[in-house]
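Structure below is final.txt: compact mmCIF, C-alpha atoms and all ligand atoms.
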# COMPACT_ATOMS: atom_id res chain seq x y z
CA MET A 1 5.08 22.18 -60.93
CA LYS A 2 5.21 21.28 -64.62
CA TYR A 3 2.63 22.58 -67.05
CA TYR A 4 2.70 20.79 -70.39
CA ILE A 5 0.32 21.61 -73.20
CA ILE A 6 -0.37 18.90 -75.71
CA PHE A 7 -1.39 20.61 -78.89
CA GLY A 8 -2.73 19.56 -82.28
CA PRO A 9 -5.75 19.26 -84.56
CA PRO A 10 -8.64 16.82 -83.98
CA GLY A 11 -7.47 13.19 -84.01
CA ALA A 12 -3.79 14.11 -83.64
CA GLY A 13 -3.42 11.82 -80.62
CA LYS A 14 -3.58 14.43 -77.82
CA GLY A 15 -5.76 12.28 -75.59
CA THR A 16 -3.85 9.06 -76.31
CA GLN A 17 -0.46 10.61 -75.55
CA SER A 18 -1.75 12.51 -72.50
CA VAL A 19 -2.84 9.30 -70.78
CA LEU A 20 0.61 7.76 -71.30
CA LEU A 21 2.42 10.91 -70.18
CA ALA A 22 0.26 11.39 -67.09
CA GLU A 23 1.15 7.88 -65.96
CA LYS A 24 4.87 8.11 -66.69
CA TYR A 25 5.47 11.57 -65.20
CA SER A 26 2.80 11.65 -62.44
CA LEU A 27 0.87 14.43 -64.09
CA THR A 28 -2.81 15.26 -63.87
CA HIS A 29 -4.43 14.97 -67.29
CA ILE A 30 -6.95 17.72 -67.99
CA SER A 31 -8.93 17.33 -71.20
CA THR A 32 -11.44 20.14 -71.65
CA GLY A 33 -13.19 18.04 -74.34
CA GLU A 34 -13.63 15.11 -71.90
CA LEU A 35 -14.87 17.44 -69.15
CA LEU A 36 -17.42 18.95 -71.52
CA ARG A 37 -18.60 15.54 -72.73
CA LYS A 38 -19.13 14.48 -69.09
CA GLU A 39 -21.21 17.60 -68.50
CA ILE A 40 -23.33 16.74 -71.56
CA GLU A 41 -23.76 13.15 -70.36
CA SER A 42 -24.91 14.25 -66.91
CA LYS A 43 -27.30 16.79 -68.49
CA SER A 44 -25.98 19.53 -66.21
CA GLU A 45 -26.78 23.17 -66.88
CA LEU A 46 -23.35 23.57 -68.50
CA GLY A 47 -23.86 20.37 -70.50
CA LEU A 48 -27.18 21.57 -71.90
CA LYS A 49 -25.59 24.90 -72.82
CA VAL A 50 -22.67 23.40 -74.78
CA LYS A 51 -24.26 20.29 -76.34
CA ALA A 52 -25.26 21.78 -79.72
CA ILE A 53 -22.02 23.75 -80.02
CA ILE A 54 -19.83 20.67 -79.56
CA GLU A 55 -21.99 18.47 -81.74
CA ASN A 56 -21.63 21.03 -84.56
CA GLY A 57 -17.85 21.09 -84.13
CA ARG A 58 -17.68 24.71 -82.98
CA LEU A 59 -15.73 26.03 -79.99
CA VAL A 60 -17.30 26.74 -76.61
CA ASP A 61 -16.86 30.37 -75.50
CA ASP A 62 -13.69 31.32 -73.64
CA ALA A 63 -15.40 32.47 -70.41
CA THR A 64 -17.20 29.14 -69.95
CA ILE A 65 -14.00 27.18 -70.58
CA LEU A 66 -12.00 29.31 -68.16
CA GLU A 67 -14.55 28.88 -65.38
CA MET A 68 -14.47 25.12 -65.84
CA LEU A 69 -10.67 25.02 -65.94
CA ASN A 70 -10.23 27.08 -62.79
CA LYS A 71 -12.39 24.61 -60.92
CA VAL A 72 -10.33 21.55 -61.92
CA VAL A 73 -6.90 23.11 -61.45
CA SER A 74 -7.78 24.07 -57.88
CA GLU A 75 -8.66 20.44 -57.06
CA ALA A 76 -5.01 19.28 -57.08
CA GLN A 77 -4.32 15.64 -56.36
CA ASN A 78 -1.79 14.07 -53.99
CA GLY A 79 1.63 13.41 -55.49
CA ASN A 80 0.77 15.56 -58.47
CA LYS A 81 3.92 16.82 -60.19
CA GLY A 82 2.07 18.95 -62.67
CA TYR A 83 -0.51 19.03 -65.39
CA ILE A 84 -0.92 17.95 -68.93
CA LEU A 85 -3.39 20.20 -70.66
CA ASP A 86 -5.15 18.50 -73.57
CA GLY A 87 -7.35 20.68 -75.77
CA TYR A 88 -6.65 23.83 -73.78
CA PRO A 89 -5.74 26.56 -74.65
CA ARG A 90 -7.48 26.68 -78.00
CA THR A 91 -7.66 30.42 -78.62
CA ILE A 92 -5.32 33.35 -77.99
CA PRO A 93 -7.54 34.71 -75.16
CA GLN A 94 -7.42 31.24 -73.52
CA ALA A 95 -3.61 31.22 -73.75
CA GLU A 96 -3.43 34.70 -72.23
CA ALA A 97 -5.80 33.64 -69.43
CA LEU A 98 -3.62 30.59 -68.72
CA ASP A 99 -0.49 32.75 -68.54
CA LYS A 100 -2.24 34.97 -66.00
CA ILE A 101 -3.39 32.03 -63.86
CA LEU A 102 0.13 30.60 -63.84
CA GLU A 103 1.80 33.96 -63.24
CA ALA A 104 -0.33 34.39 -60.10
CA LYS A 105 1.12 31.07 -58.87
CA GLY A 106 4.68 32.11 -59.85
CA GLN A 107 4.64 29.46 -62.58
CA LYS A 108 4.67 29.30 -66.37
CA VAL A 109 3.96 26.90 -69.19
CA THR A 110 6.83 24.39 -69.25
CA ALA A 111 6.46 23.26 -72.87
CA VAL A 112 3.96 23.09 -75.67
CA ILE A 113 4.20 19.77 -77.49
CA SER A 114 2.60 19.94 -80.88
CA LEU A 115 1.49 16.82 -82.75
CA GLU A 116 1.64 17.66 -86.44
CA ILE A 117 -0.45 15.39 -88.61
CA ASP A 118 -1.63 15.22 -92.22
CA GLU A 119 -5.27 15.99 -92.85
CA GLU A 120 -5.99 12.58 -94.45
CA VAL A 121 -4.67 10.87 -91.29
CA ILE A 122 -7.11 12.93 -89.19
CA PHE A 123 -10.06 11.53 -91.16
CA GLN A 124 -8.70 7.96 -91.00
CA ARG A 125 -8.21 8.06 -87.22
CA ILE A 126 -11.54 9.69 -86.47
CA ALA A 127 -13.34 7.20 -88.74
CA MET A 128 -11.67 4.37 -86.82
CA ARG A 129 -12.61 5.82 -83.47
CA ALA A 130 -16.21 6.34 -84.62
CA GLN A 131 -16.51 2.55 -85.01
CA MET A 132 -15.51 1.96 -81.39
CA GLU A 133 -16.75 4.99 -79.43
CA GLU A 134 -19.84 7.06 -79.72
CA ARG A 135 -18.70 10.62 -80.01
CA LYS A 136 -21.39 12.69 -81.65
CA ASP A 137 -18.84 15.04 -83.22
CA ASP A 138 -17.13 12.08 -84.97
CA MET A 139 -20.25 10.93 -86.78
CA ASP A 140 -20.33 13.00 -89.96
CA ARG A 141 -17.73 14.44 -92.29
CA ALA A 142 -19.15 17.99 -92.20
CA THR A 143 -18.69 18.18 -88.40
CA ILE A 144 -15.14 16.84 -88.58
CA GLU A 145 -14.36 19.35 -91.33
CA ASN A 146 -15.78 22.11 -89.17
CA ARG A 147 -13.55 21.08 -86.27
CA ILE A 148 -10.55 21.28 -88.59
CA VAL A 149 -11.63 24.72 -89.85
CA GLN A 150 -11.97 25.94 -86.24
CA TYR A 151 -8.52 24.57 -85.51
CA HIS A 152 -6.93 26.46 -88.42
CA LYS A 153 -8.81 29.68 -87.70
CA LYS A 154 -8.73 29.93 -83.92
CA THR A 155 -6.18 27.48 -82.55
CA GLU A 156 -3.31 27.55 -85.04
CA PRO A 157 -2.41 31.20 -84.20
CA LEU A 158 -1.22 29.81 -80.84
CA ILE A 159 1.79 28.27 -82.60
CA ALA A 160 3.29 31.72 -83.21
CA TYR A 161 2.30 32.78 -79.67
CA TYR A 162 4.25 29.92 -78.08
CA LYS A 163 7.11 29.92 -80.58
CA GLU A 164 7.86 33.46 -79.54
CA SER A 165 8.46 32.33 -75.96
CA GLY A 166 10.73 29.47 -77.10
CA ARG A 167 8.60 26.79 -75.50
CA TYR A 168 7.19 25.21 -78.66
CA TYR A 169 8.25 21.67 -79.65
CA ARG A 170 7.11 19.79 -82.74
CA VAL A 171 6.48 16.07 -83.07
CA ASN A 172 5.59 14.20 -86.26
CA GLY A 173 2.16 12.89 -85.21
CA ASN A 174 1.76 10.67 -88.29
CA LYS A 175 3.92 7.97 -86.69
CA SER A 176 2.76 5.13 -84.42
CA ILE A 177 1.52 5.70 -80.86
CA ASP A 178 4.74 4.22 -79.44
CA GLU A 179 7.00 6.29 -81.70
CA ASN A 180 5.11 9.47 -80.83
CA PHE A 181 5.34 8.68 -77.13
CA LYS A 182 9.08 8.14 -77.38
CA ASP A 183 9.57 11.42 -79.29
CA ILE A 184 7.56 13.33 -76.67
CA CYS A 185 9.39 11.71 -73.75
CA ASP A 186 12.72 12.66 -75.37
CA ILE A 187 11.59 16.30 -75.45
CA ILE A 188 10.36 16.26 -71.85
CA ASP A 189 13.50 14.53 -70.57
CA LYS A 190 15.71 17.07 -72.32
CA ILE A 191 14.03 20.14 -70.83
CA LYS A 192 13.57 18.69 -67.34
P1 LIG A 201 -11.63 17.56 -77.87
O1 LIG A 201 -12.22 16.45 -77.12
O2 LIG A 201 -10.40 18.19 -77.38
O3 LIG A 201 -11.45 17.06 -79.37
P2 LIG A 201 -10.42 17.37 -80.52
O4 LIG A 201 -9.48 18.46 -80.31
O5 LIG A 201 -11.26 17.43 -81.76
O6 LIG A 201 -9.49 16.13 -80.51
P3 LIG A 201 -9.84 14.62 -80.39
O7 LIG A 201 -10.19 14.28 -79.00
O8 LIG A 201 -10.79 14.21 -81.48
O9 LIG A 201 -8.44 13.99 -80.84
P4 LIG A 201 -7.12 13.75 -80.00
O10 LIG A 201 -6.07 14.64 -80.51
O11 LIG A 201 -7.38 13.70 -78.55
O12 LIG A 201 -6.77 12.30 -80.54
P5 LIG A 201 -6.96 10.86 -79.84
O13 LIG A 201 -5.85 10.59 -78.93
O14 LIG A 201 -8.34 10.71 -79.34
O15 LIG A 201 -12.73 18.70 -78.03
C1 LIG A 201 -14.04 18.37 -78.45
C2 LIG A 201 -14.88 19.63 -78.54
O16 LIG A 201 -15.03 20.22 -77.24
C3 LIG A 201 -14.32 20.76 -79.41
O17 LIG A 201 -14.63 20.60 -80.77
C4 LIG A 201 -15.01 21.98 -78.79
O18 LIG A 201 -16.33 22.07 -79.22
C5 LIG A 201 -15.00 21.64 -77.31
N1 LIG A 201 -13.79 22.14 -76.61
C6 LIG A 201 -12.84 21.38 -75.99
N2 LIG A 201 -11.89 22.14 -75.46
C7 LIG A 201 -12.22 23.42 -75.75
C8 LIG A 201 -11.62 24.68 -75.48
N3 LIG A 201 -10.46 24.76 -74.81
N4 LIG A 201 -12.22 25.80 -75.94
C9 LIG A 201 -13.40 25.73 -76.62
N5 LIG A 201 -14.02 24.58 -76.90
C10 LIG A 201 -13.45 23.43 -76.47
O19 LIG A 201 -6.77 9.93 -81.14
C11 LIG A 201 -7.76 9.83 -82.14
C12 LIG A 201 -7.93 8.34 -82.55
O20 LIG A 201 -6.73 7.90 -83.19
C13 LIG A 201 -8.15 7.38 -81.38
O21 LIG A 201 -9.00 6.37 -81.78
C14 LIG A 201 -6.73 6.82 -81.09
O22 LIG A 201 -6.77 5.53 -80.57
C15 LIG A 201 -6.09 6.85 -82.47
N6 LIG A 201 -4.66 7.19 -82.45
C16 LIG A 201 -4.04 8.11 -81.67
N7 LIG A 201 -2.72 8.19 -81.97
C17 LIG A 201 -2.51 7.31 -82.98
C18 LIG A 201 -1.34 6.96 -83.72
N8 LIG A 201 -0.16 7.53 -83.49
N9 LIG A 201 -1.48 6.03 -84.70
C19 LIG A 201 -2.69 5.46 -84.94
N10 LIG A 201 -3.82 5.75 -84.26
C20 LIG A 201 -3.74 6.67 -83.29
MG MG A 202 -9.06 14.08 -77.32

Using the file provided, produce a representation of the structure as structure tokens.
Amino acid sequence: MKYYIIFGPPGAGKGTQSVLLAEKYSLTHISTGELLRKEIESKSELGLKVKAIIENGRLVDDATILEMLNKVVSEAQNGNKGYILDGYPRTIPQAEALDKILEAKGQKVTAVISLEIDEEVIFQRIAMRAQMEERKDDMDRATIENRIVQYHKKTEPLIAYYKESGRYYRVNGNKSIDENFKDICDIIDKIK
């Protein structure tokens, strides 16, 4: 089983690339952000709990995320060759929890693919998406800035964590969708 993490700040293209990769490599795409937005939409207990947090651009607590993740990973699909994790892990405790889950299965993270993108490009992409989709956390600049702050503070330390294990790969995320996809596929094909 392959376990790829697609990593990067808001708007880096994690979701876009994950969809393409899931199709090409028969992987199950798990986006914790998408799962949480579905919970909010269905007004579930979890959705009601996390709504304000997400809409303010803060991170949901690690225990809640882990519980949600465990549920999805155990519902494996037919023909599944692995997973592409989009938006998880986002904190050091989440990365440690993932390592433990995988260790129990005799597995480990295959590669962390990091989309590096300039801050001005983040704002451009999110502004474009806001015109097409209604994501509450895309609507105002302060919330987007807060998501970026959370990324630097809580998520960026994961770069050192994964670099240490030699499974960290960088991609220039400022390029086009097709160019990014090609760069990521080249990485995956090399380590296969
Ligand atoms: P999440 O949904 O993961 O949001 P995010 O990390 O802020 O990232 P985005 O989904 O905004 O961007 P993306 O990198 O997927 O880019 P996309 O492909 O869409 O999380 C949302 C919230 O949920 C968090 O803030 C937090 O509150 C909570 N949460 C989620 N996971 C959590 C966790 N593990 N722990 C705690 N809390 C958690 O692309 C963006 C736009 O640009 C699109 O319109 C796309 O079409 C376009 N685009 C993409 N690539 C390109 C390109 N190369 N060129 C031009 N346009 C492009
Ligand atoms: Mg996304």

Nearby residues, ligand LIG 201 (chain A), 7 Å, only C-alpha atoms and all ligand atoms, as a ChimeraX atom specification: /A:8-17,31-34,36,53-54,57-62,65,86-90,125-126,128-129,147,173-177,180

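Reported to one decimal place, the separation of CA of Lys2 in chain A from CA of Lys190 in chain A is 13.7 Å.
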
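For the atom pair formed by CA of Asp99 in chain A and CA of Ser74 in chain A, the distance is 15.6 Å, given to one decimal.
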
Tell me which of A:Ala111, A:Leu35, A:Val73, A:Ile144 sits closest to Asp189 in chain A, counting only C-alpha atoms. A:Ala111

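Between CA of Val112 in chain A and CA of Tyr161 in chain A the interatomic distance comes to 10.6 Å.
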
Hey, what's within 10 Å of Ile184 in chain A if we count all atoms listed in the file and toss same-chain stuff fewer than 5 positions away? As a list in words, please? Ile6, Gln17, Leu21, Ile113, Ser114, Leu115, Tyr169, Arg170, Val171, Asn172, Asp178, Glu179, Asp189 and Lys190 of chain A

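Take the candidates A:Met68, A:Leu85, A:Ile122, A:Ala63 and check each one against Glu39 in chain A using only C-alpha atoms; the shortest distance goes to A:Met68.
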
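Nearest residue to ligand MG 202 (chain A) among A:Glu45, A:Asp186, A:Asp138, A:Asp118 is A:Asp138, counting all atoms listed in the file.
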
Would you mind completing range 139-150 of chain A to all heavy atoms and writing the output as a CSV table (one decimal), in the frame of the given file?
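This is the output file rebuild34.csv:
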chain,number,residue,atom,x,y,z
A,139,MET,N,-19.3,11.7,-86.0
A,139,MET,CA,-20.2,10.9,-86.8
A,139,MET,C,-20.4,11.4,-88.2
A,139,MET,O,-20.6,10.5,-89.1
A,139,MET,CB,-21.6,10.9,-86.1
A,139,MET,CG,-21.7,10.3,-84.8
A,139,MET,SD,-21.1,8.6,-84.9
A,139,MET,CE,-20.7,8.1,-83.2
A,140,ASP,N,-20.2,12.6,-88.5
A,140,ASP,CA,-20.3,13.0,-90.0
A,140,ASP,C,-19.2,13.9,-90.4
A,140,ASP,O,-18.6,14.6,-89.6
A,140,ASP,CB,-21.7,13.6,-90.3
A,140,ASP,CG,-21.9,14.9,-89.6
A,140,ASP,OD1,-22.2,14.9,-88.4
A,140,ASP,OD2,-21.7,16.0,-90.2
A,141,ARG,N,-18.9,13.8,-91.7
A,141,ARG,CA,-17.7,14.4,-92.3
A,141,ARG,C,-17.8,16.0,-92.1
A,141,ARG,O,-16.8,16.6,-91.8
A,141,ARG,CB,-17.6,14.0,-93.8
A,141,ARG,CG,-16.3,14.5,-94.3
A,141,ARG,CD,-15.9,13.9,-95.7
A,141,ARG,NE,-14.7,14.5,-96.1
A,141,ARG,CZ,-13.5,13.9,-96.1
A,141,ARG,NH1,-13.4,12.7,-95.7
A,141,ARG,NH2,-12.4,14.6,-96.6
A,142,ALA,N,-19.0,16.5,-92.3
A,142,ALA,CA,-19.2,18.0,-92.2
A,142,ALA,C,-18.7,18.5,-90.8
A,142,ALA,O,-18.1,19.5,-90.7
A,142,ALA,CB,-20.6,18.4,-92.5
A,143,THR,N,-19.1,17.8,-89.8
A,143,THR,CA,-18.7,18.2,-88.4
A,143,THR,C,-17.2,18.1,-88.2
A,143,THR,O,-16.6,19.0,-87.6
A,143,THR,CB,-19.4,17.3,-87.3
A,143,THR,OG1,-20.8,17.4,-87.6
A,143,THR,CG2,-19.2,17.8,-85.9
A,144,ILE,N,-16.6,17.0,-88.7
A,144,ILE,CA,-15.1,16.8,-88.6
A,144,ILE,C,-14.4,18.0,-89.3
A,144,ILE,O,-13.5,18.6,-88.8
A,144,ILE,CB,-14.7,15.4,-89.1
A,144,ILE,CG1,-15.4,14.3,-88.3
A,144,ILE,CG2,-13.2,15.3,-89.0
A,144,ILE,CD1,-15.3,13.0,-88.9
A,145,GLU,N,-15.0,18.2,-90.6
A,145,GLU,CA,-14.4,19.4,-91.3
A,145,GLU,C,-14.5,20.7,-90.6
A,145,GLU,O,-13.5,21.5,-90.5
A,145,GLU,CB,-15.1,19.5,-92.7
A,145,GLU,CG,-14.5,18.5,-93.7
A,145,GLU,CD,-15.3,18.4,-95.0
A,145,GLU,OE1,-16.4,19.1,-95.1
A,145,GLU,OE2,-14.9,17.6,-95.8
A,146,ASN,N,-15.6,20.9,-89.9
A,146,ASN,CA,-15.8,22.1,-89.2
A,146,ASN,C,-14.8,22.2,-88.0
A,146,ASN,O,-14.2,23.3,-87.7
A,146,ASN,CB,-17.2,22.2,-88.7
A,146,ASN,CG,-17.6,23.6,-88.3
A,146,ASN,OD1,-16.9,24.6,-88.7
A,146,ASN,ND2,-18.6,23.8,-87.4
A,147,ARG,N,-14.5,21.1,-87.4
A,147,ARG,CA,-13.6,21.1,-86.3
A,147,ARG,C,-12.2,21.5,-86.8
A,147,ARG,O,-11.4,22.2,-86.1
A,147,ARG,CB,-13.5,19.7,-85.6
A,147,ARG,CG,-14.7,19.5,-84.7
A,147,ARG,CD,-15.0,18.0,-84.4
A,147,ARG,NE,-13.9,17.3,-83.7
A,147,ARG,CZ,-13.8,16.0,-83.7
A,147,ARG,NH1,-14.6,15.2,-84.3
A,147,ARG,NH2,-12.8,15.4,-83.0
A,148,ILE,N,-11.9,21.0,-88.0
A,148,ILE,CA,-10.6,21.3,-88.6
A,148,ILE,C,-10.5,22.8,-89.0
A,148,ILE,O,-9.5,23.4,-88.7
A,148,ILE,CB,-10.3,20.4,-89.8
A,148,ILE,CG1,-10.2,18.9,-89.4
A,148,ILE,CG2,-9.0,20.8,-90.5
A,148,ILE,CD1,-10.1,17.9,-90.5
A,149,VAL,N,-11.6,23.3,-89.5
A,149,VAL,CA,-11.6,24.7,-89.8
A,149,VAL,C,-11.4,25.6,-88.6
A,149,VAL,O,-10.6,26.5,-88.6
A,149,VAL,CB,-13.0,25.1,-90.5
A,149,VAL,CG1,-13.2,26.6,-90.6
A,149,VAL,CG2,-13.1,24.4,-91.9
A,150,GLN,N,-12.1,25.2,-87.5
A,150,GLN,CA,-12.0,25.9,-86.2
A,150,GLN,C,-10.5,25.9,-85.7
A,150,GLN,O,-10.0,26.9,-85.2
A,150,GLN,CB,-12.9,25.3,-85.1
A,150,GLN,CG,-14.3,25.3,-85.5
A,150,GLN,CD,-15.0,26.6,-85.2
A,150,GLN,OE1,-14.7,27.3,-84.2
A,150,GLN,NE2,-15.9,27.0,-86.0
